[in-house]
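The file target.cif comes next; it holds mmCIF, C-alpha atoms.
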```cif
data_model
loop_
_atom_site.label_atom_id
_atom_site.label_comp_id
_atom_site.auth_asym_id
_atom_site.auth_seq_id
_atom_site.Cartn_x
_atom_site.Cartn_y
_atom_site.Cartn_z
CA MET A 1 2.72 -23.71 3.80
CA ALA A 2 4.50 -23.84 7.14
CA SER A 3 4.08 -27.06 9.05
CA PRO A 4 1.51 -26.80 11.88
CA ARG A 5 3.71 -29.19 13.89
CA LEU A 6 6.32 -26.44 14.19
CA GLY A 7 3.81 -24.07 15.73
CA PHE A 8 4.18 -21.29 13.16
CA ARG A 9 0.95 -19.32 12.80
CA LEU A 10 1.93 -17.15 9.86
CA ALA A 11 -0.04 -14.73 7.74
CA VAL A 12 0.83 -12.28 4.98
CA CYS A 13 -0.36 -8.77 4.15
CA LEU A 14 -0.12 -7.36 0.62
CA LEU A 15 -0.01 -3.69 1.59
CA ASN A 16 -0.75 -1.38 -1.37
CA VAL A 17 0.67 2.13 -1.06
CA SER A 18 0.44 5.05 -3.50
CA GLU A 19 4.16 5.55 -4.10
CA ALA A 20 6.64 3.87 -6.43
CA ARG A 21 8.78 6.64 -7.86
CA LYS A 22 10.52 7.58 -4.61
CA GLN A 23 12.24 4.34 -3.62
CA ASP A 24 13.53 5.83 -0.37
CA VAL A 25 9.93 6.52 0.73
CA VAL A 26 8.84 2.96 -0.11
CA GLU A 27 11.80 1.51 1.78
CA THR A 28 11.09 3.71 4.81
CA ILE A 29 7.49 2.47 4.86
CA ALA A 30 8.74 -1.13 4.67
CA LYS A 31 11.23 -0.52 7.50
CA ALA A 32 8.45 0.89 9.67
CA ALA A 33 6.71 -2.50 9.48
CA LEU A 34 9.87 -4.12 10.83
CA CYS A 35 10.65 -1.77 13.71
CA ASP A 36 8.97 -0.85 16.98
CA LYS A 37 11.09 2.30 17.16
CA PRO A 38 13.55 3.71 14.61
CA GLY A 39 16.37 1.20 14.33
CA GLN A 40 14.81 -1.35 16.71
CA LYS A 41 13.85 -4.39 14.61
CA LYS A 42 10.94 -6.69 15.42
CA THR A 43 12.23 -10.21 15.24
CA GLN A 44 9.09 -11.88 13.88
CA THR A 45 8.02 -9.65 10.96
CA THR A 46 9.67 -9.63 7.57
CA VAL A 47 9.27 -7.97 4.19
CA LEU A 48 9.18 -10.78 1.61
CA ASN A 49 8.92 -8.56 -1.46
CA ILE A 50 8.40 -5.02 -2.69
CA PHE A 51 6.89 -4.59 -6.14
CA SER A 52 6.80 -1.03 -7.47
CA ASP A 53 5.14 0.11 -10.70
CA TYR A 54 6.46 3.46 -11.93
CA ASP A 55 3.53 4.24 -14.26
CA TYR A 56 0.90 3.39 -11.64
CA ASN A 57 3.02 5.06 -8.93
CA ARG A 58 1.96 2.25 -6.64
CA SER A 59 3.89 -0.33 -4.61
CA VAL A 60 2.84 -3.59 -3.01
CA LEU A 61 4.75 -4.54 0.12
CA THR A 62 4.49 -8.21 1.07
CA LEU A 63 4.69 -8.35 4.88
CA ALA A 64 4.76 -11.71 6.67
CA GLY A 65 4.70 -12.59 10.33
CA PRO A 66 2.75 -14.25 13.11
CA ILE A 67 -0.98 -13.56 12.82
CA GLU A 68 -0.93 -12.36 16.44
CA THR A 69 1.40 -9.43 15.67
CA LEU A 70 1.03 -8.77 11.94
CA GLY A 71 -1.66 -6.11 12.47
CA HIS A 72 0.74 -4.02 14.57
CA SER A 73 3.34 -4.09 11.78
CA VAL A 74 0.74 -3.10 9.19
CA VAL A 75 -0.45 -0.16 11.31
CA ALA A 76 3.17 1.01 11.72
CA ALA A 77 3.70 0.87 7.94
CA CYS A 78 0.42 2.70 7.27
CA THR A 79 1.34 5.42 9.77
CA GLU A 80 4.62 5.95 7.92
CA ALA A 81 2.85 5.99 4.56
CA TYR A 82 0.43 8.69 5.74
CA ASN A 83 3.36 10.74 7.03
CA LEU A 84 5.46 10.45 3.85
CA ILE A 85 3.08 10.33 0.87
CA ASP A 86 1.58 13.64 -0.22
CA MET A 87 -1.53 12.77 -2.22
CA GLU A 88 -1.82 16.35 -3.48
CA GLN A 89 1.45 15.77 -5.35
CA HIS A 90 0.62 12.19 -6.40
CA ASP A 91 0.59 11.40 -10.10
CA GLY A 92 -0.04 7.96 -11.58
CA ILE A 93 -2.38 6.14 -13.94
CA HIS A 94 -3.82 3.83 -11.29
CA PRO A 95 -6.86 5.19 -9.44
CA CYS A 96 -6.20 5.44 -5.73
CA LEU A 97 -8.15 6.20 -2.59
CA GLY A 98 -5.27 7.59 -0.58
CA SER A 99 -1.75 6.89 0.65
CA VAL A 100 -2.83 3.36 1.55
CA ASP A 101 -5.41 1.71 -0.69
CA LEU A 102 -5.59 -1.95 0.14
CA VAL A 103 -4.67 -4.01 3.22
CA PRO A 104 -5.57 -7.67 2.54
CA ILE A 105 -4.37 -10.35 4.97
CA TYR A 106 -4.11 -14.04 4.01
CA PRO A 107 -3.07 -17.18 5.93
CA LEU A 108 0.30 -18.76 5.21
CA SER A 109 -0.05 -21.57 7.74
CA GLU A 110 -2.70 -24.27 7.70
CA CYS A 111 -3.41 -23.54 11.36
CA VAL A 112 -4.44 -19.95 10.55
CA SER A 113 -7.99 -19.60 9.23
CA LEU A 114 -9.39 -17.09 6.77
CA GLU A 115 -11.80 -16.04 9.52
CA GLU A 116 -8.88 -15.23 11.83
CA CYS A 117 -7.19 -13.23 9.05
CA GLY A 118 -10.49 -11.43 8.46
CA LYS A 119 -10.70 -10.40 12.11
CA VAL A 120 -7.14 -9.06 12.08
CA ALA A 121 -7.74 -7.29 8.76
CA HIS A 122 -10.97 -5.73 10.06
CA GLY A 123 -9.36 -4.56 13.29
CA THR A 124 -6.33 -3.24 11.44
CA GLY A 125 -8.54 -1.58 8.83
CA MET A 126 -10.56 0.20 11.51
CA ILE A 127 -7.35 1.54 13.04
CA VAL A 128 -6.04 2.60 9.61
CA ILE A 129 -9.30 4.41 8.80
CA PHE A 130 -9.20 6.14 12.20
CA LEU A 131 -5.55 7.05 11.63
CA LYS A 132 -6.38 8.55 8.24
CA GLN A 133 -9.22 10.63 9.68
CA ILE A 134 -7.41 12.06 12.70
CA GLY A 135 -3.92 12.39 11.31
CA THR A 136 -0.83 11.01 12.99
CA SER A 137 -0.07 13.14 16.04
CA GLU A 138 2.35 11.57 18.51
CA CYS A 139 -0.24 10.94 21.26
CA CYS A 140 -2.58 9.26 18.77
CA LYS A 141 0.21 7.05 17.43
CA GLU A 142 0.80 5.62 20.91
CA ARG A 143 -2.93 4.90 21.41
CA LEU A 144 -3.09 3.22 18.00
CA LYS A 145 -0.12 0.99 18.81
CA MET A 146 -1.80 -0.13 22.04
CA SER A 147 -5.06 -0.72 20.16
CA ALA A 148 -3.32 -2.77 17.47
CA ASN A 149 -1.73 -4.96 20.13
CA THR A 150 -5.15 -5.51 21.72
CA GLN A 151 -6.76 -6.34 18.34
CA ASN A 152 -4.14 -8.99 17.59
CA THR A 153 -4.38 -10.91 20.86
#
```
Would you mind writing the file out in structure tokens?
Amino acid sequence: MASPRLGFRLAVCLLNVSEARKQDVVETIAKAALCDKPGQKKTQTTVLNIFSDYDYNRSVLTLAGPIETLGHSVVAACTEAYNLIDMEQHDGIHPCLGSVDLVPIYPLSECVSLEECGKVAHGTGMIVIFLKQIGTSECCKERLKMSANTQNT
């Protein structure tokens, strides 16, 4: 756990996506969580691990960052996953609901509560569900980014 005296308010998301066989797709999704725009890195979000299971055709991306901004990074990764993963072509032994299946958020710092993580997860989940239903047109992406920033403050 990070020391609360240092002021770090960290949380982690174990983002489950329905792709493991195309490593370039998984890496692009991970990079989307790190960047505001292509090539422009966010300084406070990091990918701690990527675990991919070929048989399940599923990857878990471990994203960590400040609780205040983690939701924005998760929405960016989910947007990329919806753009890149074609569920009509998906094949794997693990049952899946869609391109993104699971978006749990947990505290890493003692000064971040489960309740706070729950609020961020709920707000992020609502945006992800909305994103899935409407698609990912450019104008909608911008509104979702603004909404994610509002949810995390």
Residues matched by the PyMOL selection byres ((chain A and resi 80) around 12), written as a count of residues only = 36
query = Counting all atoms listed in the file, which of A:Gly92, A:Gly71, A:Gly125, A:Gly118 gets nearest to Asp55 (chain A)?
reply =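 Of all the options, A:Gly92 lies closest to Asp55 (chain A).
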key: Protein, DNA and RNA residues within 9 Å of (2.9, -10.3, 13.8), all atoms listed in the file, as a list in words   =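 Checked against the point, the hits come out as Leu10, Ala11, Lys42, Gln44, Thr45, Ala64, Gly65, Pro66, Ile67, Glu68, Thr69, Leu70, Gly71, His72, Ser73, Val74 and Asn152 of chain A.
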task = Could you please give me, as a ChimeraX atom specification, the residues of protein, DNA or RNA lying at most 8 Å from (6.0, 3.7, -10.4) in the coordinate frame of the file, considering only C-alpha atoms?
result = /A:19-21,52-59,92
Once you have the residues from the selection above, write them out as a PDB file, keeping the file's coordinate frame, restricted to C-alpha atoms.
```
ATOM      1  CA  GLU A  19       4.160   5.550  -4.100  1.00  0.00           C
ATOM      2  CA  ALA A  20       6.640   3.870  -6.430  1.00  0.00           C
ATOM      3  CA  ARG A  21       8.780   6.640  -7.860  1.00  0.00           C
ATOM      4  CA  SER A  52       6.800  -1.030  -7.470  1.00  0.00           C
ATOM      5  CA  ASP A  53       5.140   0.110 -10.700  1.00  0.00           C
ATOM      6  CA  TYR A  54       6.460   3.460 -11.930  1.00  0.00           C
ATOM      7  CA  ASP A  55       3.530   4.240 -14.260  1.00  0.00           C
ATOM      8  CA  TYR A  56       0.900   3.390 -11.640  1.00  0.00           C
ATOM      9  CA  ASN A  57       3.020   5.060  -8.930  1.00  0.00           C
ATOM     10  CA  ARG A  58       1.960   2.250  -6.640  1.00  0.00           C
ATOM     11  CA  SER A  59       3.890  -0.330  -4.610  1.00  0.00           C
ATOM     12  CA  GLY A  92      -0.040   7.960 -11.580  1.00  0.00           C
TER      13      GLY A  92
END
```
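Here the question is which of A:Ile50, A:Val103, A:Leu97, A:Leu108 gets nearest to Ala121 (chain A) using only C-alpha atoms, and that residue is A:Val103.
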ask   = Interatomic distance between CA of His90 (chain A) and CA of Ser18 (chain A)?
value =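 So the answer is 7.7 Å.
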query = Suppose you want the space between CA of Gly123 (chain A) and CA of His94 (chain A); what is it in Å?
reply = 26.6 Å
request  = Please measure the separation of CA of Leu61 (chain A) and CA of Arg9 (chain A), giving the value in Å to one decimal.
outcome  = 19.8 Å
task = Would you please work out which residue, of A:Leu63, A:Met87, A:Val12, A:Leu48, is nearest to Leu114 (chain A) when using only C-alpha atoms?
result =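 Nearest to Leu114 (chain A): A:Val12.
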key: Residue nearest Phe51 (chain A) - candidates A:Leu15, A:Asp24, A:Cys96, A:Cys117, atoms counted: all atoms listed in the file   =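 Among the listed residues, A:Leu15 lies closest to Phe51 (chain A).
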Using the atoms already present, construct N, CA, C and O atoms for region 42-57 of chain A and hand them back as a PDB file, keeping the file's coordinate frame.
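Saved result, rebuild_28.pdb, follows:
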```
ATOM      1  N   LYS A  42      11.776  -5.620  14.883  1.00  0.00           N
ATOM      2  CA  LYS A  42      10.940  -6.690  15.420  1.00  0.00           C
ATOM      3  C   LYS A  42      11.518  -7.982  14.880  1.00  0.00           C
ATOM      4  O   LYS A  42      11.879  -8.074  13.723  1.00  0.00           O
ATOM      5  N   THR A  43      11.577  -8.986  15.686  1.00  0.00           N
ATOM      6  CA  THR A  43      12.230 -10.210  15.240  1.00  0.00           C
ATOM      7  C   THR A  43      11.298 -11.124  14.447  1.00  0.00           C
ATOM      8  O   THR A  43      11.759 -12.019  13.772  1.00  0.00           O
ATOM      9  N   GLN A  44      10.004 -10.917  14.488  1.00  0.00           N
ATOM     10  CA  GLN A  44       9.090 -11.880  13.880  1.00  0.00           C
ATOM     11  C   GLN A  44       8.352 -11.357  12.647  1.00  0.00           C
ATOM     12  O   GLN A  44       7.492 -12.053  12.125  1.00  0.00           O
ATOM     13  N   THR A  45       8.656 -10.189  12.170  1.00  0.00           N
ATOM     14  CA  THR A  45       8.020  -9.650  10.960  1.00  0.00           C
ATOM     15  C   THR A  45       9.086  -9.500   9.891  1.00  0.00           C
ATOM     16  O   THR A  45      10.215  -9.121  10.193  1.00  0.00           O
ATOM     17  N   THR A  46       8.718  -9.791   8.657  1.00  0.00           N
ATOM     18  CA  THR A  46       9.670  -9.630   7.570  1.00  0.00           C
ATOM     19  C   THR A  46       8.984  -9.081   6.331  1.00  0.00           C
ATOM     20  O   THR A  46       7.773  -9.219   6.174  1.00  0.00           O
ATOM     21  N   VAL A  47       9.751  -8.425   5.491  1.00  0.00           N
ATOM     22  CA  VAL A  47       9.270  -7.970   4.190  1.00  0.00           C
ATOM     23  C   VAL A  47       9.756  -9.001   3.178  1.00  0.00           C
ATOM     24  O   VAL A  47      10.961  -9.146   2.961  1.00  0.00           O
ATOM     25  N   LEU A  48       8.816  -9.736   2.579  1.00  0.00           N
ATOM     26  CA  LEU A  48       9.180 -10.780   1.610  1.00  0.00           C
ATOM     27  C   LEU A  48       9.469 -10.199   0.235  1.00  0.00           C
ATOM     28  O   LEU A  48      10.304 -10.726  -0.500  1.00  0.00           O
ATOM     29  N   ASN A  49       8.765  -9.118  -0.122  1.00  0.00           N
ATOM     30  CA  ASN A  49       8.920  -8.560  -1.460  1.00  0.00           C
ATOM     31  C   ASN A  49       8.383  -7.135  -1.491  1.00  0.00           C
ATOM     32  O   ASN A  49       7.485  -6.786  -0.720  1.00  0.00           O
ATOM     33  N   ILE A  50       8.949  -6.342  -2.374  1.00  0.00           N
ATOM     34  CA  ILE A  50       8.400  -5.020  -2.690  1.00  0.00           C
ATOM     35  C   ILE A  50       8.310  -4.943  -4.204  1.00  0.00           C
ATOM     36  O   ILE A  50       9.320  -5.081  -4.906  1.00  0.00           O
ATOM     37  N   PHE A  51       7.096  -4.763  -4.703  1.00  0.00           N
ATOM     38  CA  PHE A  51       6.890  -4.590  -6.140  1.00  0.00           C
ATOM     39  C   PHE A  51       6.423  -3.159  -6.361  1.00  0.00           C
ATOM     40  O   PHE A  51       5.421  -2.734  -5.799  1.00  0.00           O
ATOM     41  N   SER A  52       7.141  -2.416  -7.177  1.00  0.00           N
ATOM     42  CA  SER A  52       6.800  -1.030  -7.470  1.00  0.00           C
ATOM     43  C   SER A  52       6.561  -0.855  -8.962  1.00  0.00           C
ATOM     44  O   SER A  52       7.359  -1.326  -9.777  1.00  0.00           O
ATOM     45  N   ASP A  53       5.470  -0.183  -9.303  1.00  0.00           N
ATOM     46  CA  ASP A  53       5.140   0.110 -10.700  1.00  0.00           C
ATOM     47  C   ASP A  53       5.231   1.612 -10.910  1.00  0.00           C
ATOM     48  O   ASP A  53       4.432   2.370 -10.353  1.00  0.00           O
ATOM     49  N   TYR A  54       6.209   2.037 -11.713  1.00  0.00           N
ATOM     50  CA  TYR A  54       6.460   3.460 -11.930  1.00  0.00           C
ATOM     51  C   TYR A  54       5.269   4.170 -12.549  1.00  0.00           C
ATOM     52  O   TYR A  54       4.888   5.253 -12.111  1.00  0.00           O
ATOM     53  N   ASP A  55       4.653   3.586 -13.580  1.00  0.00           N
ATOM     54  CA  ASP A  55       3.530   4.240 -14.260  1.00  0.00           C
ATOM     55  C   ASP A  55       2.323   4.385 -13.343  1.00  0.00           C
ATOM     56  O   ASP A  55       1.665   5.420 -13.332  1.00  0.00           O
ATOM     57  N   TYR A  56       2.027   3.331 -12.587  1.00  0.00           N
ATOM     58  CA  TYR A  56       0.900   3.390 -11.640  1.00  0.00           C
ATOM     59  C   TYR A  56       1.242   4.242 -10.422  1.00  0.00           C
ATOM     60  O   TYR A  56       0.354   4.711  -9.730  1.00  0.00           O
ATOM     61  N   ASN A  57       2.541   4.394 -10.147  1.00  0.00           N
ATOM     62  CA  ASN A  57       3.020   5.060  -8.930  1.00  0.00           C
ATOM     63  C   ASN A  57       2.407   4.389  -7.706  1.00  0.00           C
ATOM     64  O   ASN A  57       1.813   5.027  -6.846  1.00  0.00           O
TER      65      ASN A  57
END
```
